[in-house]
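Notes follow once the structure below has been shown.
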Amino acid sequence: NLTKPAPPARVALYMVTTGSYDDPTPTYNCADVMNQMSQPFRSRYHVSCLAVVDSHASARRAAETGWTPVLYPPTPESQRQQRRIKITGWNSSEIDGFDIAVYHDGKAGLYGRFGNSSEDICFLERKLAPSLDLVANGSVDLVVYAHEDRSSTAEELHTVTCLQLCSTESLTKVRMLHLAHGYPDRAGLADTSNLVWRAKGRSPALSLGMSAWIDAIETTGCMRDQLTFEYAMWKHKVRYQLLPNRMRPFVTVREHVLPRTRFYTDHSGNTRMFRSDMFPSICFVVDIPFVISTPMPNSVVADSVTPSGQ
């Protein structure tokens with residue numbers, strides 16, 4: 001008797017471009033790319049392309065480039081909304097219908113930069129398939145990719161502080177959160193522009209970890225989500241894999257539309273903001289105690305299937 005092959009796993013490939021921080025026009029035609037993936041890949045994974053937007057104009061542009069728009073009402077706190085949808089999904093009942101969720105930033109795309117050539121698509125498949133396999137076969141609940149330049153939360157804290165990308169008050173809250181729970185900072189640093197995670201049947205640890213991640217962002221007030229990812233995963237013992245940066249499926253192919261907001265405290269103790277393009281080369285170091293860090297050796301960030309963050 002012939003065994004009937006298992007149906008392909010349902011994958012939600014999504015991006016979130018609410019507000020005006022990122023260009024809502026997708027960098028590639030997702031439907032075309034997925035239709036050109038190899039037959040073995042398509043027999044294992046059925047990918048739906050979903051673009052979460054907050055305007056009808058953005059929804060039209062997404063539909064024209066092979067994405068199914070998911071329309072959200074606009075909000076004054078669009079960056080906070082973007083982070084919450086990125087981390088928890090746009091609707092728990094909808095996301096639970098998929099086996100695996102794959103996220104990438106709105107400024108990310110294929111390695112060929114806007115190209116949908118067969119070489120670009122083959123390159124994408126070689127990087128995306130191993131991550132999907134890790135989640136599909138139950139090895140881990142979540143896959144992320146190592147930061148290209150930094151290897152610890154402490155290094156990221158120093159950079160964010162130096163560039164004034166969050167207020168002094170919010171960065172103090174981040175440090176106190178880490179210190180209060182004894183966060184050891186030994187799990188490396190993820191570039192959270194790409195995420196691959198189990199959606200349907202996800203473990204309690206993953207649900208708690210993702211909730212703790214967005215809660216830490218919102219309670220501290222610092223939207224730099226790389227500052228609290230490892231902390232949240234460590235706290236709830238999430239089984240995740242930190243792969244080398246070279247394994248990241250989607251890469252940055254354009255810059256943010258709006259310059260980054262930078263913060264400073266005036267002589268009266270009030271937090272003020274200015275645009276990063278006004279003083280792009282200035283770096284200020286604020287004397288605030290850092291989390292004691294023991295960076296993870298580079299040899300630990302490997303291709304092996306050894307869950308990290310434990």
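Residues are referred to by chain and number: the chain letter is A, B, ... according to the order shown in the structure tokens, the number counts from 1 in that chain, and ligands are numbered separately from 1 in the order shown.
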
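Within stretch 74-237 of chain A, DSSP applied to the backbone places the following residues in strand (DSSP E or B): Ile100, Ala101, Val102, Tyr103, His104, Ala108, Gly109, Leu142, Val143, Val144, Tyr145, Ala146, Ala190, Asp191, Thr192, Ser193, Asn194, Leu195, Val196, Trp197 and Arg198 of chain A.
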
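Neighbours of stretch 34-47 of chain A closer than or equal to 7 Å, with only C-alpha atoms counted and sequence neighbours fewer than 2 positions away skipped, come out as Pro8, Ala9, Arg10, Val11, Ala12, Leu13, Cys30, Ala31, Asp32, Cys49, Ile121 and Glu125 of chain A.
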
Might you pull out every residue within 12 Å of A:Ala63, with only C-alpha atoms counted and same-chain residues fewer than 2 positions away left off, and present them as a list in words?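 Counting only C-alpha atoms, the residues come to Pro24, Thr25, Pro26, Tyr28, Asn29, Cys30, Ala31, Cys49, Leu50, Ala51, Val52, Val53, His56, Ala57, Ser58, Ala59, Arg60, Arg61, Thr65, Gly66, Trp67, Thr68, Pro69, Val70 and Leu71 of chain A.
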
Written selection (N, CA, C and O atoms) as a compact mmCIF listing (two decimals), in the first residue's frame:
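Ended up saving to out.txt:
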```txt
# COMPACT_ATOMS: atom_id res chain seq x y z
N PRO A 24 5.47 51.33 2.40
CA PRO A 24 4.58 50.17 2.41
C PRO A 24 4.59 49.37 1.12
O PRO A 24 4.03 48.27 1.07
N THR A 25 5.21 49.89 0.06
CA THR A 25 5.29 49.15 -1.19
C THR A 25 6.27 47.99 -1.04
O THR A 25 7.44 48.21 -0.71
N PRO A 26 5.84 46.75 -1.23
CA PRO A 26 6.74 45.61 -1.06
C PRO A 26 7.96 45.69 -1.98
O PRO A 26 7.89 46.26 -3.08
N TYR A 28 9.41 43.12 -3.36
CA TYR A 28 9.39 42.06 -4.36
C TYR A 28 7.98 41.52 -4.48
O TYR A 28 7.14 41.72 -3.60
N ASN A 29 7.68 40.85 -5.60
CA ASN A 29 6.38 40.23 -5.81
C ASN A 29 6.38 38.86 -5.15
O ASN A 29 6.98 37.91 -5.65
N CYS A 30 5.72 38.77 -4.02
CA CYS A 30 5.80 37.55 -3.19
C CYS A 30 5.17 36.35 -3.88
O CYS A 30 5.72 35.25 -3.87
N ALA A 31 4.00 36.54 -4.48
CA ALA A 31 3.32 35.41 -5.13
C ALA A 31 4.17 34.85 -6.26
O ALA A 31 4.29 33.62 -6.41
N CYS A 49 1.32 34.95 1.36
CA CYS A 49 2.03 36.23 1.51
C CYS A 49 1.06 37.27 2.04
O CYS A 49 0.06 37.59 1.39
N LEU A 50 1.33 37.82 3.22
CA LEU A 50 0.40 38.72 3.89
C LEU A 50 1.11 40.02 4.28
O LEU A 50 2.15 39.99 4.93
N ALA A 51 0.53 41.13 3.86
CA ALA A 51 1.09 42.45 4.16
C ALA A 51 0.12 43.20 5.09
O ALA A 51 -1.00 43.51 4.69
N VAL A 52 0.56 43.46 6.32
CA VAL A 52 -0.27 44.18 7.29
C VAL A 52 -0.03 45.67 7.10
O VAL A 52 1.09 46.17 7.27
N VAL A 53 -1.07 46.40 6.73
CA VAL A 53 -0.98 47.82 6.41
C VAL A 53 -2.10 48.57 7.11
O VAL A 53 -3.01 47.97 7.69
N HIS A 56 -5.79 52.22 2.70
CA HIS A 56 -6.30 51.56 1.50
C HIS A 56 -5.29 51.67 0.36
O HIS A 56 -5.17 50.75 -0.46
N ALA A 57 -4.56 52.77 0.31
CA ALA A 57 -3.55 52.94 -0.74
C ALA A 57 -2.45 51.89 -0.59
O ALA A 57 -2.01 51.29 -1.57
N SER A 58 -2.02 51.66 0.65
CA SER A 58 -0.99 50.65 0.90
C SER A 58 -1.52 49.25 0.58
O SER A 58 -0.79 48.40 0.06
N ALA A 59 -2.80 49.02 0.88
CA ALA A 59 -3.40 47.73 0.58
C ALA A 59 -3.43 47.47 -0.92
O ALA A 59 -3.16 46.35 -1.38
N ARG A 60 -3.73 48.50 -1.70
CA ARG A 60 -3.74 48.34 -3.15
C ARG A 60 -2.34 48.02 -3.69
O ARG A 60 -2.18 47.15 -4.54
N ARG A 61 -1.34 48.74 -3.17
CA ARG A 61 0.02 48.48 -3.64
C ARG A 61 0.47 47.07 -3.29
O ARG A 61 1.17 46.41 -4.07
N THR A 65 1.40 43.67 -5.97
CA THR A 65 2.72 43.02 -5.99
C THR A 65 2.69 41.64 -5.31
O THR A 65 3.65 41.21 -4.70
N GLY A 66 1.55 40.98 -5.41
CA GLY A 66 1.49 39.58 -4.98
C GLY A 66 1.36 39.33 -3.50
O GLY A 66 1.71 38.25 -3.03
N TRP A 67 0.85 40.31 -2.76
CA TRP A 67 0.63 40.14 -1.32
C TRP A 67 -0.86 40.29 -1.03
O TRP A 67 -1.53 41.13 -1.62
N THR A 68 -1.36 39.52 -0.08
CA THR A 68 -2.73 39.69 0.39
C THR A 68 -2.73 40.72 1.51
O THR A 68 -2.07 40.52 2.54
N PRO A 69 -3.41 41.86 1.32
CA PRO A 69 -3.37 42.90 2.37
C PRO A 69 -4.22 42.53 3.58
O PRO A 69 -5.30 41.95 3.45
N VAL A 70 -3.70 42.84 4.76
CA VAL A 70 -4.43 42.73 6.02
C VAL A 70 -4.54 44.16 6.55
O VAL A 70 -3.54 44.74 6.98
N LEU A 71 -5.73 44.73 6.47
CA LEU A 71 -5.91 46.16 6.76
C LEU A 71 -6.21 46.39 8.23
O LEU A 71 -7.15 45.83 8.78
```

List the neighbours of A:Met210 out to 10 Å using only C-alpha atoms; skip same-chain residues closer than 2 positions along the sequence, and give me the result as JSON, numbers by chain. {"A": [84, 87, 88, 205, 206, 207, 208, 212, 213, 214, 215, 216, 229, 232, 233, 236, 238]}

Okay, now the selection with C-alpha atoms, as a tab-separated table (two decimals), in the first residue's frame?
```tsv
chain	number	residue	atom	x	y	z
A	84	ARG	CA	3.01	44.33	18.64
A	87	ILE	CA	5.80	39.88	17.63
A	88	THR	CA	2.35	38.48	18.42
A	205	ALA	CA	7.00	28.75	26.65
A	206	LEU	CA	6.96	30.38	23.21
A	207	SER	CA	3.65	32.13	23.90
A	208	LEU	CA	4.97	33.42	27.23
A	212	ALA	CA	7.15	38.98	27.63
A	213	TRP	CA	9.08	40.45	24.70
A	214	ILE	CA	6.34	42.88	23.64
A	215	ASP	CA	5.50	43.64	27.28
A	216	ALA	CA	9.13	44.60	27.96
A	229	PHE	CA	14.49	39.68	22.81
A	232	ALA	CA	12.39	37.40	27.18
A	233	MET	CA	13.46	34.12	25.58
A	236	HIS	CA	10.73	31.73	29.70
A	238	VAL	CA	12.08	29.23	24.89
```

With a distance cut-off of 12 Å and only C-alpha atoms, select the neighbouring residues of A:Arg202, excluding the residue or stretch itself and same-chain residues fewer than 2 positions from it, and output the selection as number ranges by chain. A: 88, 92, 95-101, 135-136, 138, 140-142, 197-200, 204-210, 238-239

Distance in Å - atom CA of A:Cys222 versus atom CA of A:Leu171: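 Interatomic distance, atom CA of A:Cys222 to atom CA of A:Leu171: 6.8 Å.
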
Test item, alpha helix (DSSP H) assignment across stretch 18-100 of chain A, answer as a PyMOL selection string: chain A and resi 30-35+39-44+56-64+78-88+92-95

Find, counting only C-alpha atoms, the residue in A:Ser152, A:Asn194, A:Gln226, A:Thr17 that gets nearest to A:Ser131.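 Ranking A:Ser152, A:Asn194, A:Gln226, A:Thr17 by distance to A:Ser131, first place goes to A:Asn194.
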
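With only C-alpha atoms as the basis for measurement, A:Gly109 is the residue among A:Pro5, A:Gly109, A:Pro244, A:Gly188 that approaches A:Val33 most closely.
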
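What separates atom CA of A:Ala108 from atom CA of A:Arg248 is a distance of 10.8 Å.
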
Quick one: residues within 12 Å of A:Gln82, only C-alpha atoms counted, chain neighbours fewer than 2 positions away excluded, as a ChimeraX atom specification? /A:14-22,51-54,72-80,84-90,103-106,214,217-218,223-225

Taking 2 positions as the minimum chain separation for residues in the same chain, which residues sit within 7 Å of A:Val144 when counting only C-alpha atoms? Answer as a list of chain:residue names. A:Leu142, A:Ala146, A:Ala190, A:Thr192, A:Asn194, A:Leu195, A:Val196, A:Gln241, A:Leu242, A:Leu243
